[in-house]
Amino acid sequence: MKANCWIAPNNVAVEDVSDPQILNPRDAVVRVSSAAICGSDLHLLDGFIPAMKKGDILGHEFMGEIVELGPGVRDGLSVGDRVVVGFPIACGNCRSCQRGLYSICENSNPNAAIAEVAMGHSPAGIYGYSHLMGGYAGGQAQYVRVPFADVGALKIEDDLPDEKVLFLSDVLPTGYMAAEMCDIKAGDIVAIWGAGPVGQFAAVSAYLLGAERVIVIDRFPYRLQMARTKAGAETINYEETDVMDALRDMTAGRGPDACIDAVGMEGHHPSAALHAYDRAKQAMKVETDRPHALREAVLSCRNGGTISAIGAYGGFIDKFPMGSFMNRSLTMRSGQAHVQRYMRPLLERIRKGEIDPSFIITHTMQLDDAPRGYDIFKNKQEDCVKVMLKP
């Protein structure tokens, strides 16, 4: 089969690889009908996530048809079923899974000892996301092995097109969880750093959960326009406006009730000098991540407010404003999305027409074009917000 493979930093290629096989009784093999390139994949492309190996198959947003099923799969799945697969690999049986904390499953990362060195404890395995997260083959391929299929694969029983349900695999639940972690009350103002797919869905979700106003912060006009026209948000271009001053003006001096960091480890600062400062620290291994958005979110949030950190971080940050965070009674919540918790409820919202996730798709390509898709997505060319791949 063909699959999009990581070769080296800033180098991916579509190659011929071995077909996946059933290895455990609860496995399924899925013929992929649609996959997507995620912003988190760019952290792999850029070499910021350790334990990648040449030939690793990328991709954790995918869906398709079950073509083979292990004898231990429960929950009524059958060969021929059309399914969306959540990106965290979760057993459904451990203490974390039983509490709905699927992205920290205790049984799905066979390389837990590697993750424990960097993180203290291991999170769940993730498709196509380095050997730190289990070394599982990803879904930017013609076929993929799905462990614990009865937990991770959601059957789609109606004729909703892939474009409307694919993002149940990651970015829609991630954006929704980002908003849910804000504990939004009626009348709240929510500010979101980052107008990529997760930021767009966080904005939509914040309104669904009762926010009165949503403000999205980014530097690319086409992404800010999408936030205004599709998500109904107010916007700030941080290269044209001082964000903290603008947020004070927009909130009568108080600051937003909740602030969502949907940027993560590769943040950009409008000051070339400050951006270079963090890049230099990365190069010297003094820090691994550039937390520009997180720092600004902490300093901007109203006293007693909530920080929702949904942007992906991989290691260590510097110059975190802990004094501001502690003295102003702020709360921070974070995590990889517990996707399986949200898939069915969000599918119902899609069926009811409350949300149409397809608005983020700007490019549809064949699997063979994946390297070009990565290039235009990373370099913000052709007004690219989301690339959908068709194996």
# chains A, B, ... in the order shown; residues from 1 in each chain; ligands from 1
>>> residues_around(residues="region 18-34 of chain A", least_positions_apart="3", cutoff="8 Å", atoms="only C-alpha atoms", output="PDB file with N, CA and C atoms, in the first residue's frame")
ATOM      1  N   MET A   1       0.844  -1.189   0.000  1.00  0.00           N
ATOM      2  CA  MET A   1       0.000   0.000   0.000  1.00  0.00           C
ATOM      3  C   MET A   1       0.878   1.237   0.000  1.00  0.00           C
ATOM      4  N   PHE A  62      -8.357  10.415  10.537  1.00  0.00           N
ATOM      5  CA  PHE A  62      -8.713   9.579   9.386  1.00  0.00           C
ATOM      6  C   PHE A  62     -10.022   8.851   9.661  1.00  0.00           C
ATOM      7  N   MET A  63     -10.608   8.358   8.582  1.00  0.00           N
ATOM      8  CA  MET A  63     -11.827   7.553   8.643  1.00  0.00           C
ATOM      9  C   MET A  63     -11.848   6.621   7.438  1.00  0.00           C
ATOM     10  N   GLY A  64     -12.751   5.667   7.459  1.00  0.00           N
ATOM     11  CA  GLY A  64     -12.835   4.750   6.325  1.00  0.00           C
ATOM     12  C   GLY A  64     -13.744   3.576   6.599  1.00  0.00           C
ATOM     13  N   GLU A  65     -13.484   2.470   5.927  1.00  0.00           N
ATOM     14  CA  GLU A  65     -14.327   1.275   5.998  1.00  0.00           C
ATOM     15  C   GLU A  65     -13.553   0.125   6.629  1.00  0.00           C
ATOM     16  N   ILE A  66     -14.178  -0.562   7.566  1.00  0.00           N
ATOM     17  CA  ILE A  66     -13.551  -1.736   8.177  1.00  0.00           C
ATOM     18  C   ILE A  66     -13.500  -2.863   7.148  1.00  0.00           C
ATOM     19  N   VAL A  67     -12.302  -3.407   6.925  1.00  0.00           N
ATOM     20  CA  VAL A  67     -12.140  -4.505   5.968  1.00  0.00           C
ATOM     21  C   VAL A  67     -11.717  -5.796   6.643  1.00  0.00           C
ATOM     22  N   GLU A  68     -11.275  -5.699   7.902  1.00  0.00           N
ATOM     23  CA  GLU A  68     -10.888  -6.891   8.657  1.00  0.00           C
ATOM     24  C   GLU A  68     -11.094  -6.588  10.129  1.00  0.00           C
ATOM     25  N   LEU A  69     -11.518  -7.606  10.874  1.00  0.00           N
ATOM     26  CA  LEU A  69     -11.888  -7.389  12.263  1.00  0.00           C
ATOM     27  C   LEU A  69     -11.368  -8.538  13.112  1.00  0.00           C
ATOM     28  N   GLY A  70     -10.727  -8.185  14.233  1.00  0.00           N
ATOM     29  CA  GLY A  70     -10.272  -9.212  15.163  1.00  0.00           C
ATOM     30  C   GLY A  70     -11.433  -9.855  15.896  1.00  0.00           C
ATOM     31  N   PRO A  71     -11.248 -11.089  16.412  1.00  0.00           N
ATOM     32  CA  PRO A  71     -12.357 -11.830  17.035  1.00  0.00           C
ATOM     33  C   PRO A  71     -12.814 -11.249  18.362  1.00  0.00           C
ATOM     34  N   GLY A  72     -12.024 -10.358  18.975  1.00  0.00           N
ATOM     35  CA  GLY A  72     -12.396  -9.816  20.271  1.00  0.00           C
ATOM     36  C   GLY A  72     -13.054  -8.461  20.230  1.00  0.00           C
ATOM     37  N   VAL A  73     -13.328  -7.923  19.035  1.00  0.00           N
ATOM     38  CA  VAL A  73     -13.925  -6.589  18.922  1.00  0.00           C
ATOM     39  C   VAL A  73     -15.390  -6.640  19.340  1.00  0.00           C
ATOM     40  N   ARG A  74     -15.766  -5.725  20.249  1.00  0.00           N
ATOM     41  CA  ARG A  74     -17.133  -5.663  20.754  1.00  0.00           C
ATOM     42  C   ARG A  74     -17.864  -4.471  20.122  1.00  0.00           C
ATOM     43  N   GLY A 139      -2.632   7.330   9.814  1.00  0.00           N
ATOM     44  CA  GLY A 139      -3.723   7.133   8.872  1.00  0.00           C
ATOM     45  C   GLY A 139      -3.605   7.859   7.552  1.00  0.00           C
ATOM     46  N   ALA A 141      -2.619   7.054   4.808  1.00  0.00           N
ATOM     47  CA  ALA A 141      -2.261   5.805   4.136  1.00  0.00           C
ATOM     48  C   ALA A 141      -3.516   5.205   3.527  1.00  0.00           C
ATOM     49  N   GLN A 142      -3.335   4.158   2.740  1.00  0.00           N
ATOM     50  CA  GLN A 142      -4.494   3.498   2.150  1.00  0.00           C
ATOM     51  C   GLN A 142      -5.198   2.589   3.152  1.00  0.00           C
ATOM     52  N   TYR A 143      -4.434   2.028   4.093  1.00  0.00           N
ATOM     53  CA  TYR A 143      -4.991   1.176   5.131  1.00  0.00           C
ATOM     54  C   TYR A 143      -4.290   1.487   6.451  1.00  0.00           C
ATOM     55  N   VAL A 144      -4.988   1.194   7.565  1.00  0.00           N
ATOM     56  CA  VAL A 144      -4.395   1.427   8.872  1.00  0.00           C
ATOM     57  C   VAL A 144      -4.932   0.384   9.855  1.00  0.00           C
ATOM     58  N   ARG A 145      -4.052  -0.057  10.736  1.00  0.00           N
ATOM     59  CA  ARG A 145      -4.466  -0.930  11.840  1.00  0.00           C
ATOM     60  C   ARG A 145      -5.011  -0.069  12.970  1.00  0.00           C
ATOM     61  N   VAL A 146      -6.180  -0.456  13.496  1.00  0.00           N
ATOM     62  CA  VAL A 146      -6.843   0.281  14.574  1.00  0.00           C
ATOM     63  C   VAL A 146      -6.919  -0.609  15.810  1.00  0.00           C
ATOM     64  N   PRO A 147      -6.037  -0.432  16.785  1.00  0.00           N
ATOM     65  CA  PRO A 147      -6.145  -1.199  18.031  1.00  0.00           C
ATOM     66  C   PRO A 147      -7.361  -0.758  18.845  1.00  0.00           C
ATOM     67  N   PHE A 148      -7.887  -1.661  19.688  1.00  0.00           N
ATOM     68  CA  PHE A 148      -9.052  -1.355  20.529  1.00  0.00           C
ATOM     69  C   PHE A 148     -10.144  -0.685  19.694  1.00  0.00           C
ATOM     70  N   ALA A 149     -10.446  -1.310  18.561  1.00  0.00           N
ATOM     71  CA  ALA A 149     -11.377  -0.693  17.602  1.00  0.00           C
ATOM     72  C   ALA A 149     -12.740  -0.432  18.218  1.00  0.00           C
ATOM     73  N   ASP A 150     -13.160  -1.262  19.181  1.00  0.00           N
ATOM     74  CA  ASP A 150     -14.475  -1.085  19.773  1.00  0.00           C
ATOM     75  C   ASP A 150     -14.556   0.144  20.676  1.00  0.00           C
ATOM     76  N   ASP A 162     -17.969  12.407   4.207  1.00  0.00           N
ATOM     77  CA  ASP A 162     -16.735  12.415   4.991  1.00  0.00           C
ATOM     78  C   ASP A 162     -16.392  13.815   5.476  1.00  0.00           C
ATOM     79  N   LEU A 166     -15.319  13.656   9.309  1.00  0.00           N
ATOM     80  CA  LEU A 166     -13.895  13.324   9.476  1.00  0.00           C
ATOM     81  C   LEU A 166     -13.294  13.975  10.708  1.00  0.00           C
ATOM     82  N   MET A 388      -7.400  18.101   3.256  1.00  0.00           N
ATOM     83  CA  MET A 388      -8.040  16.779   3.318  1.00  0.00           C
ATOM     84  C   MET A 388      -7.411  15.898   2.246  1.00  0.00           C
ATOM     85  N   LEU A 389      -6.998  14.692   2.630  1.00  0.00           N
ATOM     86  CA  LEU A 389      -6.330  13.767   1.723  1.00  0.00           C
ATOM     87  C   LEU A 389      -7.269  12.618   1.362  1.00  0.00           C
ATOM     88  N   LYS A 390      -7.218  12.221   0.091  1.00  0.00           N
ATOM     89  CA  LYS A 390      -8.062  11.139  -0.403  1.00  0.00           C
ATOM     90  C   LYS A 390      -7.193   9.988  -0.907  1.00  0.00           C
ATOM     91  N   PRO A 391      -6.967   8.971  -0.048  1.00  0.00           N
ATOM     92  CA  PRO A 391      -6.154   7.818  -0.490  1.00  0.00           C
ATOM     93  C   PRO A 391      -6.787   7.022  -1.615  1.00  0.00           C
TER      94      PRO A 391
END
>>> residues_around(residues="Gly267 (chain A)", least_positions_apart="5", cutoff="10 Å", atoms="only C-alpha atoms", output="number ranges by chain")
A: 193-194, 261-262, 275, 278, 289-294, 311
>>> residues_around(residues="Gly314 (chain A)", least_positions_apart="4", cutoff="8 Å", atoms="only C-alpha atoms", output="PyMOL selection string")
chain A and resi 48-49+265+288-289
>>> closest_residue(among="A:Lys155, A:Arg372, A:Arg82, A:His60", to="Arg344 (chain A)", atoms="only C-alpha atoms")
A:Lys155
>>> closest_residue(among="A:Met284, A:Ser108, A:Arg219, A:Gly152", to="Asp75 (chain A)", atoms="only C-alpha atoms")
A:Gly152
>>> residues_around(residues="Asn109 (chain A)", least_positions_apart="4", cutoff="9 Å", atoms="only C-alpha atoms", output="list in words")
Ile89, Cys105, Ala113, Ala115, Ser122, Pro123, Ala124, Gly125, Ile126, Leu132, Met133, Gly134 and Gly135 of chain A
>>> closest_residue(among="A:Gly353, A:Pro50, A:Gly315, A:Glu106", to="Cys94 (chain A)", atoms="only C-alpha atoms")
A:Glu106
>>> closest_residue(among="A:Gly323, A:Gly187, A:Gly304, A:Gly373", to="Val12 (chain A)", atoms="only C-alpha atoms")
A:Gly373
>>> closest_residue(among="A:Pro110, A:Gly55, A:Gly264, A:Gly232", to="Glu212 (chain A)", atoms="only C-alpha atoms")
A:Gly232
>>> atom_distance(atom1="CA of Tyr102 (chain A)", atom2="CA of Phe325 (chain A)")
28.0 Å
>>> select_by_dssp(residues="region 179-358 of chain A", states="strand (DSSP E)", output="PyMOL selection string")
chain A and resi 189-193+213-218+234-237+258-261+306-309+331-334
>>> write_last_selection(atoms="N, CA and C atoms", output="PDB file, in the first residue's frame")
ATOM      1  N   ILE A 189     -17.012  36.367  28.015  1.00  0.00           N
ATOM      2  CA  ILE A 189     -16.182  36.729  26.864  1.00  0.00           C
ATOM      3  C   ILE A 189     -15.004  35.771  26.831  1.00  0.00           C
ATOM      4  N   VAL A 190     -14.805  35.128  25.697  1.00  0.00           N
ATOM      5  CA  VAL A 190     -13.733  34.149  25.537  1.00  0.00           C
ATOM      6  C   VAL A 190     -12.777  34.634  24.455  1.00  0.00           C
ATOM      7  N   ALA A 191     -11.479  34.657  24.770  1.00  0.00           N
ATOM      8  CA  ALA A 191     -10.445  35.015  23.796  1.00  0.00           C
ATOM      9  C   ALA A 191      -9.687  33.764  23.400  1.00  0.00           C
ATOM     10  N   ILE A 192      -9.389  33.642  22.112  1.00  0.00           N
ATOM     11  CA  ILE A 192      -8.730  32.443  21.578  1.00  0.00           C
ATOM     12  C   ILE A 192      -7.501  32.866  20.793  1.00  0.00           C
ATOM     13  N   TRP A 193      -6.349  32.348  21.199  1.00  0.00           N
ATOM     14  CA  TRP A 193      -5.113  32.586  20.459  1.00  0.00           C
ATOM     15  C   TRP A 193      -4.963  31.465  19.438  1.00  0.00           C
ATOM     16  N   ARG A 213     -19.519  36.679  23.739  1.00  0.00           N
ATOM     17  CA  ARG A 213     -18.589  37.195  22.733  1.00  0.00           C
ATOM     18  C   ARG A 213     -17.377  36.277  22.656  1.00  0.00           C
ATOM     19  N   VAL A 214     -16.846  36.122  21.445  1.00  0.00           N
ATOM     20  CA  VAL A 214     -15.622  35.359  21.220  1.00  0.00           C
ATOM     21  C   VAL A 214     -14.676  36.220  20.402  1.00  0.00           C
ATOM     22  N   ILE A 215     -13.438  36.304  20.853  1.00  0.00           N
ATOM     23  CA  ILE A 215     -12.413  37.111  20.187  1.00  0.00           C
ATOM     24  C   ILE A 215     -11.276  36.186  19.775  1.00  0.00           C
ATOM     25  N   VAL A 216     -10.947  36.165  18.493  1.00  0.00           N
ATOM     26  CA  VAL A 216      -9.905  35.286  17.972  1.00  0.00           C
ATOM     27  C   VAL A 216      -8.693  36.122  17.558  1.00  0.00           C
ATOM     28  N   ILE A 217      -7.515  35.649  17.936  1.00  0.00           N
ATOM     29  CA  ILE A 217      -6.257  36.382  17.737  1.00  0.00           C
ATOM     30  C   ILE A 217      -5.348  35.568  16.830  1.00  0.00           C
ATOM     31  N   ASP A 218      -4.877  36.192  15.762  1.00  0.00           N
ATOM     32  CA  ASP A 218      -3.999  35.523  14.808  1.00  0.00           C
ATOM     33  C   ASP A 218      -3.284  36.617  14.018  1.00  0.00           C
ATOM     34  N   GLU A 234     -15.207  38.074  16.808  1.00  0.00           N
ATOM     35  CA  GLU A 234     -14.444  39.301  16.626  1.00  0.00           C
ATOM     36  C   GLU A 234     -12.973  38.897  16.499  1.00  0.00           C
ATOM     37  N   THR A 235     -12.153  39.737  15.880  1.00  0.00           N
ATOM     38  CA  THR A 235     -10.781  39.316  15.622  1.00  0.00           C
ATOM     39  C   THR A 235      -9.780  40.419  15.946  1.00  0.00           C
ATOM     40  N   ILE A 236      -8.562  39.978  16.247  1.00  0.00           N
ATOM     41  CA  ILE A 236      -7.415  40.868  16.458  1.00  0.00           C
ATOM     42  C   ILE A 236      -6.248  40.316  15.660  1.00  0.00           C
ATOM     43  N   ASN A 237      -5.627  41.165  14.846  1.00  0.00           N
ATOM     44  CA  ASN A 237      -4.384  40.806  14.167  1.00  0.00           C
ATOM     45  C   ASN A 237      -3.233  41.283  15.045  1.00  0.00           C
ATOM     46  N   ALA A 258     -12.227  33.948  29.953  1.00  0.00           N
ATOM     47  CA  ALA A 258     -11.447  32.739  29.695  1.00  0.00           C
ATOM     48  C   ALA A 258     -10.578  32.968  28.466  1.00  0.00           C
ATOM     49  N   CYS A 259      -9.413  32.361  28.478  1.00  0.00           N
ATOM     50  CA  CYS A 259      -8.458  32.498  27.376  1.00  0.00           C
ATOM     51  C   CYS A 259      -8.014  31.113  26.934  1.00  0.00           C
ATOM     52  N   ILE A 260      -8.110  30.848  25.637  1.00  0.00           N
ATOM     53  CA  ILE A 260      -7.755  29.549  25.067  1.00  0.00           C
ATOM     54  C   ILE A 260      -6.473  29.692  24.255  1.00  0.00           C
ATOM     55  N   ASP A 261      -5.469  28.896  24.595  1.00  0.00           N
ATOM     56  CA  ASP A 261      -4.251  28.808  23.801  1.00  0.00           C
ATOM     57  C   ASP A 261      -4.422  27.658  22.818  1.00  0.00           C
ATOM     58  N   THR A 306     -10.011  31.726  33.646  1.00  0.00           N
ATOM     59  CA  THR A 306      -9.552  30.381  33.302  1.00  0.00           C
ATOM     60  C   THR A 306      -8.708  30.398  32.039  1.00  0.00           C
ATOM     61  N   ILE A 307      -7.585  29.687  32.083  1.00  0.00           N
ATOM     62  CA  ILE A 307      -6.749  29.457  30.902  1.00  0.00           C
ATOM     63  C   ILE A 307      -6.992  28.026  30.434  1.00  0.00           C
ATOM     64  N   SER A 308      -7.351  27.868  29.176  1.00  0.00           N
ATOM     65  CA  SER A 308      -7.524  26.551  28.563  1.00  0.00           C
ATOM     66  C   SER A 308      -6.389  26.346  27.571  1.00  0.00           C
ATOM     67  N   ALA A 309      -5.465  25.458  27.920  1.00  0.00           N
ATOM     68  CA  ALA A 309      -4.283  25.233  27.080  1.00  0.00           C
ATOM     69  C   ALA A 309      -4.487  23.957  26.274  1.00  0.00           C
ATOM     70  N   THR A 331      -6.975  29.864  36.927  1.00  0.00           N
ATOM     71  CA  THR A 331      -7.060  28.412  36.827  1.00  0.00           C
ATOM     72  C   THR A 331      -6.607  28.006  35.435  1.00  0.00           C
ATOM     73  N   MET A 332      -5.806  26.952  35.342  1.00  0.00           N
ATOM     74  CA  MET A 332      -5.429  26.427  34.028  1.00  0.00           C
ATOM     75  C   MET A 332      -5.888  24.985  33.914  1.00  0.00           C
ATOM     76  N   ARG A 333      -6.463  24.678  32.762  1.00  0.00           N
ATOM     77  CA  ARG A 333      -6.833  23.304  32.429  1.00  0.00           C
ATOM     78  C   ARG A 333      -6.232  22.974  31.067  1.00  0.00           C
ATOM     79  N   SER A 334      -5.850  21.725  30.875  1.00  0.00           N
ATOM     80  CA  SER A 334      -5.161  21.383  29.633  1.00  0.00           C
ATOM     81  C   SER A 334      -5.340  19.903  29.340  1.00  0.00           C
TER      82      SER A 334
END
>>> atom_distance(atom1="CA of Lys230 (chain A)", atom2="CA of Gly175 (chain A)")
14.5 Å
>>> atom_distance(atom1="CA of Phe167 (chain A)", atom2="CA of Tyr207 (chain A)")
18.6 Å
>>> decode(residues="region 92-111 of chain A", atoms="C-alpha atoms", output="short mmCIF file (atom, residue, chain, number, x, y, z; two decimals), in the first residue's frame")
data_model
loop_
_atom_site.label_atom_id
_atom_site.label_comp_id
_atom_site.auth_asym_id
_atom_site.auth_seq_id
_atom_site.Cartn_x
_atom_site.Cartn_y
_atom_site.Cartn_z
CA GLY A 92 -11.64 1.41 27.51
CA ASN A 93 -10.85 -0.69 30.59
CA CYS A 94 -8.21 1.14 32.63
CA ARG A 95 -8.87 3.63 35.43
CA SER A 96 -8.37 6.62 33.11
CA CYS A 97 -10.63 5.30 30.36
CA GLN A 98 -13.34 4.42 32.87
CA ARG A 99 -13.30 8.08 33.92
CA GLY A 100 -13.55 9.30 30.34
CA LEU A 101 -9.90 10.40 30.22
CA TYR A 102 -9.11 8.53 27.03
CA SER A 103 -6.00 10.49 26.01
CA ILE A 104 -4.22 9.29 29.15
CA CYS A 105 -5.12 5.61 28.74
CA GLU A 106 -2.80 3.52 30.90
CA ASN A 107 -2.53 0.55 28.54
CA SER A 108 -2.13 1.80 24.98
CA ASN A 109 1.45 3.12 24.88
CA PRO A 110 3.91 0.22 24.55
CA ASN A 111 6.75 2.74 24.85
#
